[in-house]
>>> print(open('my_file32.cif').read())   # mmCIF, C-alpha atoms, pLDDT in the B column; chains and numbers go by the auth columns
data_query
#
loop_
_atom_site.group_PDB
_atom_site.id
_atom_site.type_symbol
_atom_site.label_atom_id
_atom_site.label_comp_id
_atom_site.label_asym_id
_atom_site.label_seq_id
_atom_site.Cartn_x
_atom_site.Cartn_y
_atom_site.Cartn_z
_atom_site.B_iso_or_equiv
_atom_site.auth_seq_id
_atom_site.auth_asym_id
ATOM 1 C CA MET A 1 -77.154 19.242 -55.860 58.00 1484 A
ATOM 2 C CA ASN A 2 -75.327 20.763 -52.920 66.00 1485 A
ATOM 3 C CA PRO A 3 -71.575 20.173 -53.093 65.00 1486 A
ATOM 4 C CA THR A 4 -69.738 19.774 -49.829 66.00 1487 A
ATOM 5 C CA PRO A 5 -67.195 22.480 -49.169 60.00 1488 A
ATOM 6 C CA PRO A 6 -63.582 21.344 -49.206 57.00 1489 A
ATOM 7 C CA THR A 7 -62.200 20.685 -45.755 63.00 1490 A
ATOM 8 C CA ASP A 8 -59.139 22.515 -44.593 66.00 1491 A
ATOM 9 C CA PRO A 9 -56.458 20.009 -43.535 68.00 1492 A
ATOM 10 C CA LEU A 10 -55.058 22.499 -41.030 67.00 1493 A
ATOM 11 C CA GLN A 11 -58.395 22.733 -39.210 75.00 1494 A
ATOM 12 C CA ASP A 12 -58.702 18.934 -39.132 82.00 1495 A
ATOM 13 C CA ASP A 13 -55.166 18.637 -37.776 82.00 1496 A
ATOM 14 C CA ALA A 14 -55.800 21.306 -35.131 83.00 1497 A
ATOM 15 C CA ALA A 15 -59.027 19.596 -34.048 85.00 1498 A
ATOM 16 C CA ARG A 16 -57.262 16.229 -33.828 84.00 1499 A
ATOM 17 C CA ARG A 17 -54.428 17.721 -31.750 85.00 1500 A
ATOM 18 C CA ARG A 18 -56.940 19.454 -29.459 88.00 1501 A
ATOM 19 C CA ALA A 19 -58.824 16.173 -28.918 88.00 1502 A
ATOM 20 C CA ALA A 20 -55.566 14.311 -28.234 86.00 1503 A
ATOM 21 C CA ARG A 21 -54.479 16.995 -25.753 89.00 1504 A
ATOM 22 C CA GLU A 22 -57.833 16.811 -23.937 92.00 1505 A
ATOM 23 C CA ALA A 23 -57.618 13.010 -23.766 91.00 1506 A
ATOM 24 C CA HIS A 24 -54.059 13.256 -22.410 91.00 1507 A
ATOM 25 C CA TRP A 25 -55.084 15.657 -19.660 93.00 1508 A
ATOM 26 C CA GLU A 26 -58.117 13.540 -18.792 95.00 1509 A
ATOM 27 C CA ARG A 27 -55.887 10.479 -18.260 94.00 1510 A
ATOM 28 C CA THR A 28 -53.404 12.598 -16.307 95.00 1511 A
ATOM 29 C CA ARG A 29 -56.091 13.998 -13.999 96.00 1512 A
ATOM 30 C CA LYS A 30 -57.596 10.565 -13.320 97.00 1513 A
ATOM 31 C CA MET A 31 -54.219 9.081 -12.463 96.00 1514 A
ATOM 32 C CA THR A 32 -53.300 12.044 -10.243 96.00 1515 A
ATOM 33 C CA LEU A 33 -56.588 11.838 -8.323 97.00 1516 A
ATOM 34 C CA LEU A 34 -56.169 8.085 -7.834 97.00 1517 A
ATOM 35 C CA LEU A 35 -52.621 8.500 -6.523 97.00 1518 A
ATOM 36 C CA LEU A 36 -53.673 11.349 -4.220 96.00 1519 A
ATOM 37 C CA ALA A 37 -56.448 9.152 -2.810 96.00 1520 A
ATOM 38 C CA LEU A 38 -53.921 6.378 -2.180 94.00 1521 A
ATOM 39 C CA TRP A 39 -51.560 8.843 -0.501 93.00 1522 A
ATOM 40 C CA LEU A 40 -54.406 10.138 1.701 91.00 1523 A
ATOM 41 C CA ALA A 41 -55.444 6.607 2.637 89.00 1524 A
ATOM 42 C CA THR A 42 -51.931 5.642 3.728 87.00 1525 A
ATOM 43 C CA GLY A 43 -51.067 8.931 5.402 85.00 1526 A
ATOM 44 C CA PHE A 44 -54.318 9.792 7.145 87.00 1527 A
ATOM 45 C CA GLY A 45 -55.991 6.387 7.221 85.00 1528 A
ATOM 46 C CA THR A 46 -53.278 4.688 9.224 83.00 1529 A
ATOM 47 C CA VAL A 47 -53.356 7.390 11.885 84.00 1530 A
ATOM 48 C CA PHE A 48 -57.150 7.512 12.026 89.00 1531 A
ATOM 49 C CA PHE A 49 -57.482 3.722 12.286 87.00 1532 A
ATOM 50 C CA ALA A 50 -54.384 3.162 14.447 87.00 1533 A
ATOM 51 C CA ARG A 51 -56.223 1.298 17.209 90.00 1534 A
ATOM 52 C CA GLU A 52 -57.866 -1.092 14.771 91.00 1535 A
ATOM 53 C CA LEU A 53 -54.603 -1.650 12.860 87.00 1536 A
ATOM 54 C CA ALA A 54 -52.677 -2.369 16.088 89.00 1537 A
ATOM 55 C CA GLN A 55 -54.244 -5.861 16.128 92.00 1538 A
ATOM 56 C CA PHE A 56 -52.069 -6.895 13.167 91.00 1539 A
ATOM 57 C CA GLU A 57 -48.329 -7.328 13.425 90.00 1540 A
ATOM 58 C CA ILE A 58 -45.489 -7.037 10.914 84.00 1541 A
ATOM 59 C CA PHE A 59 -42.066 -8.295 12.029 85.00 1542 A
ATOM 60 C CA GLY A 60 -43.249 -8.194 15.646 88.00 1543 A
ATOM 61 C CA TRP A 61 -44.459 -4.576 15.516 85.00 1544 A
ATOM 62 C CA PRO A 62 -48.063 -3.383 15.413 89.00 1545 A
ATOM 63 C CA LEU A 63 -49.152 -2.504 11.878 86.00 1546 A
ATOM 64 C CA SER A 64 -50.122 1.026 12.921 85.00 1547 A
ATOM 65 C CA PHE A 65 -46.619 1.686 14.276 85.00 1548 A
ATOM 66 C CA TYR A 66 -44.983 0.134 11.210 82.00 1549 A
ATOM 67 C CA MET A 67 -47.124 2.188 8.804 82.00 1550 A
ATOM 68 C CA ALA A 68 -46.421 5.394 10.716 81.00 1551 A
ATOM 69 C CA ALA A 69 -42.679 4.722 10.913 81.00 1552 A
ATOM 70 C CA GLN A 70 -41.938 3.059 7.564 84.00 1553 A
ATOM 71 C CA GLY A 71 -44.951 2.034 5.539 82.00 1554 A
ATOM 72 C CA ALA A 72 -46.409 5.438 4.682 83.00 1555 A
ATOM 73 C CA SER A 73 -42.991 6.682 3.588 87.00 1556 A
ATOM 74 C CA LEU A 74 -42.445 3.626 1.391 90.00 1557 A
ATOM 75 C CA VAL A 75 -45.895 3.976 -0.149 91.00 1558 A
ATOM 76 C CA SER A 76 -45.244 7.659 -0.849 92.00 1559 A
ATOM 77 C CA LEU A 77 -41.949 6.764 -2.523 95.00 1560 A
ATOM 78 C CA ALA A 78 -43.705 4.105 -4.605 96.00 1561 A
ATOM 79 C CA ILE A 79 -46.384 6.642 -5.610 96.00 1562 A
ATOM 80 C CA ILE A 80 -43.707 9.108 -6.760 97.00 1563 A
ATOM 81 C CA GLY A 81 -41.885 6.413 -8.729 97.00 1564 A
ATOM 82 C CA PHE A 82 -45.084 5.186 -10.386 97.00 1565 A
ATOM 83 C CA TYR A 83 -46.160 8.735 -11.221 97.00 1566 A
ATOM 84 C CA ALA A 84 -42.816 9.530 -12.887 97.00 1567 A
ATOM 85 C CA TRP A 85 -42.819 6.269 -14.874 97.00 1568 A
ATOM 86 C CA ARG A 86 -46.452 6.569 -16.002 96.00 1569 A
ATOM 87 C CA MET A 87 -46.231 10.261 -16.875 95.00 1570 A
ATOM 88 C CA ARG A 88 -43.163 9.597 -19.021 95.00 1571 A
ATOM 89 C CA ARG A 89 -45.166 7.008 -20.960 94.00 1572 A
ATOM 90 C CA LEU A 90 -48.267 9.204 -21.230 91.00 1573 A
ATOM 91 C CA ASP A 91 -46.233 12.214 -22.370 91.00 1574 A
ATOM 92 C CA SER A 92 -44.310 10.243 -24.980 91.00 1575 A
ATOM 93 C CA GLU A 93 -47.527 8.678 -26.274 88.00 1576 A
ATOM 94 C CA ALA A 94 -49.133 12.114 -26.488 86.00 1577 A
ATOM 95 C CA ALA A 95 -46.111 13.509 -28.328 85.00 1578 A
ATOM 96 C CA THR A 96 -46.059 10.688 -30.890 84.00 1579 A
ATOM 97 C CA GLY A 97 -49.830 10.414 -31.191 73.00 1580 A
ATOM 98 C CA THR A 98 -50.023 6.703 -30.328 72.00 1581 A
ATOM 99 C CA GLU A 99 -52.728 5.082 -28.239 67.00 1582 A
ATOM 100 C CA PRO A 100 -51.946 4.506 -24.527 62.00 1583 A
ATOM 101 C CA ARG A 101 -51.192 0.989 -23.357 65.00 1584 A
#
>>> encode(input="my_file32.cif", output="structure tokens")
Amino acid sequence: MNPTPPTDPLQDDAARRRAAREAHWERTRKMTLLLLALWLATGFGTVFFARELAQFEIFGWPLSFYMAAQGASLVSLAIIGFYAWRMRRLDSEAATGTEPR
């Protein structure tokens, strides 16, 4: 009969914290890459596709002009606000050890 060696609770706790930290950073990286892609699409995409977007109008102005003047700035502000809100939730969930919602 081969008895199993007793497990060290400190090693189990360290492994659990390491796994939770890796999961936290994985979620953080995915969210950051998604928000950077959105920022690139609104900042670069509207300039690159300005002629095609000029067909559409918002409040009497071509969409390309509106996005260059107002829209890209508003989207960037929304990205910053979402990032701050979501990171606060992710950080607090990582600190308490609860599952993300």
>>> residues_around(input="my_file32.cif", residues="Leu1521 of chain A", least_positions_apart="4", cutoff="9 Å", atoms="only C-alpha atoms", output="ChimeraX atom specification")
/A:1516-1517,1525-1526,1558-1559,1562
>>> write_last_selection(input="my_file32.cif", atoms="C-alpha atoms", output="PDB file, keeping the file's coordinate frame")
ATOM      1  CA  LEU A1516     -56.588  11.838  -8.323  1.00 97.00           C
ATOM      2  CA  LEU A1517     -56.169   8.085  -7.834  1.00 97.00           C
ATOM      3  CA  THR A1525     -51.931   5.642   3.728  1.00 87.00           C
ATOM      4  CA  GLY A1526     -51.067   8.931   5.402  1.00 85.00           C
ATOM      5  CA  VAL A1558     -45.895   3.976  -0.149  1.00 91.00           C
ATOM      6  CA  SER A1559     -45.244   7.659  -0.849  1.00 92.00           C
ATOM      7  CA  ILE A1562     -46.384   6.642  -5.610  1.00 96.00           C
TER       8      ILE A1562
END
>>> atom_distance(input="my_file32.cif", atom1="atom CA of Leu1573 of chain A", atom2="atom CA of His1507 of chain A")
7.2 Å
>>> resolve_selection(input="my_file32.cif", expression="the PyMOL selection byres ((chain A and resi 1545-1552) around 12)", output="ChimeraX atom specification")
/A:1524-1544,1553-1559
>>> write_last_selection(input="my_file32.cif", atoms="C-alpha atoms", output="PDB file, in the frame of the given file")
ATOM      1  CA  ALA A1524     -55.444   6.607   2.637  1.00 89.00           C
ATOM      2  CA  THR A1525     -51.931   5.642   3.728  1.00 87.00           C
ATOM      3  CA  GLY A1526     -51.067   8.931   5.402  1.00 85.00           C
ATOM      4  CA  PHE A1527     -54.318   9.792   7.145  1.00 87.00           C
ATOM      5  CA  GLY A1528     -55.991   6.387   7.221  1.00 85.00           C
ATOM      6  CA  THR A1529     -53.278   4.688   9.224  1.00 83.00           C
ATOM      7  CA  VAL A1530     -53.356   7.390  11.885  1.00 84.00           C
ATOM      8  CA  PHE A1531     -57.150   7.512  12.026  1.00 89.00           C
ATOM      9  CA  PHE A1532     -57.482   3.722  12.286  1.00 87.00           C
ATOM     10  CA  ALA A1533     -54.384   3.162  14.447  1.00 87.00           C
ATOM     11  CA  ARG A1534     -56.223   1.298  17.209  1.00 90.00           C
ATOM     12  CA  GLU A1535     -57.866  -1.092  14.771  1.00 91.00           C
ATOM     13  CA  LEU A1536     -54.603  -1.650  12.860  1.00 87.00           C
ATOM     14  CA  ALA A1537     -52.677  -2.369  16.088  1.00 89.00           C
ATOM     15  CA  GLN A1538     -54.244  -5.861  16.128  1.00 92.00           C
ATOM     16  CA  PHE A1539     -52.069  -6.895  13.167  1.00 91.00           C
ATOM     17  CA  GLU A1540     -48.329  -7.328  13.425  1.00 90.00           C
ATOM     18  CA  ILE A1541     -45.489  -7.037  10.914  1.00 84.00           C
ATOM     19  CA  PHE A1542     -42.066  -8.295  12.029  1.00 85.00           C
ATOM     20  CA  GLY A1543     -43.249  -8.194  15.646  1.00 88.00           C
ATOM     21  CA  TRP A1544     -44.459  -4.576  15.516  1.00 85.00           C
ATOM     22  CA  GLN A1553     -41.938   3.059   7.564  1.00 84.00           C
ATOM     23  CA  GLY A1554     -44.951   2.034   5.539  1.00 82.00           C
ATOM     24  CA  ALA A1555     -46.409   5.438   4.682  1.00 83.00           C
ATOM     25  CA  SER A1556     -42.991   6.682   3.588  1.00 87.00           C
ATOM     26  CA  LEU A1557     -42.445   3.626   1.391  1.00 90.00           C
ATOM     27  CA  VAL A1558     -45.895   3.976  -0.149  1.00 91.00           C
ATOM     28  CA  SER A1559     -45.244   7.659  -0.849  1.00 92.00           C
TER      29      SER A1559
END
>>> atom_distance(input="my_file32.cif", atom1="atom CA of Asp1496 of chain A", atom2="atom CA of Glu1576 of chain A")
17.0 Å
>>> atom_distance(input="my_file32.cif", atom1="atom CA of Thr1581 of chain A", atom2="atom CA of Leu1560 of chain A")
29.0 Å
>>> closest_residue(input="my_file32.cif", among="A:Ala1497, A:Ile1563, A:Ala1520, A:Ala1503", to="Ala1577 of chain A", atoms="only C-alpha atoms")
A:Ala1503
>>> closest_residue(input="my_file32.cif", among="A:Arg1499, A:Trp1568, A:Gln1494, A:Ala1561", to="Trp1522 of chain A", atoms="all atoms listed in the file")
A:Ala1561
>>> resolve_selection(input="my_file32.cif", expression="the PyMOL selection byres ((chain A and resi 1510) around 12)", output="list in words")
Ala1503, Arg1504, Glu1505, Ala1506, His1507, Trp1508, Glu1509, Thr1511, Arg1512, Lys1513, Met1514, Thr1515, Leu1516, Leu1517, Arg1569, Met1570, Arg1572, Leu1573, Asp1574, Glu1576, Ala1577, Glu1582, Pro1583 and Arg1584 of chain A
>>> write_last_selection(input="my_file32.cif", atoms="C-alpha atoms", output="CSV table (one decimal), in the coordinates of the input")
chain,number,residue,atom,x,y,z
A,1503,ALA,CA,-55.6,14.3,-28.2
A,1504,ARG,CA,-54.5,17.0,-25.8
A,1505,GLU,CA,-57.8,16.8,-23.9
A,1506,ALA,CA,-57.6,13.0,-23.8
A,1507,HIS,CA,-54.1,13.3,-22.4
A,1508,TRP,CA,-55.1,15.7,-19.7
A,1509,GLU,CA,-58.1,13.5,-18.8
A,1511,THR,CA,-53.4,12.6,-16.3
A,1512,ARG,CA,-56.1,14.0,-14.0
A,1513,LYS,CA,-57.6,10.6,-13.3
A,1514,MET,CA,-54.2,9.1,-12.5
A,1515,THR,CA,-53.3,12.0,-10.2
A,1516,LEU,CA,-56.6,11.8,-8.3
A,1517,LEU,CA,-56.2,8.1,-7.8
A,1569,ARG,CA,-46.5,6.6,-16.0
A,1570,MET,CA,-46.2,10.3,-16.9
A,1572,ARG,CA,-45.2,7.0,-21.0
A,1573,LEU,CA,-48.3,9.2,-21.2
A,1574,ASP,CA,-46.2,12.2,-22.4
A,1576,GLU,CA,-47.5,8.7,-26.3
A,1577,ALA,CA,-49.1,12.1,-26.5
A,1582,GLU,CA,-52.7,5.1,-28.2
A,1583,PRO,CA,-51.9,4.5,-24.5
A,1584,ARG,CA,-51.2,1.0,-23.4
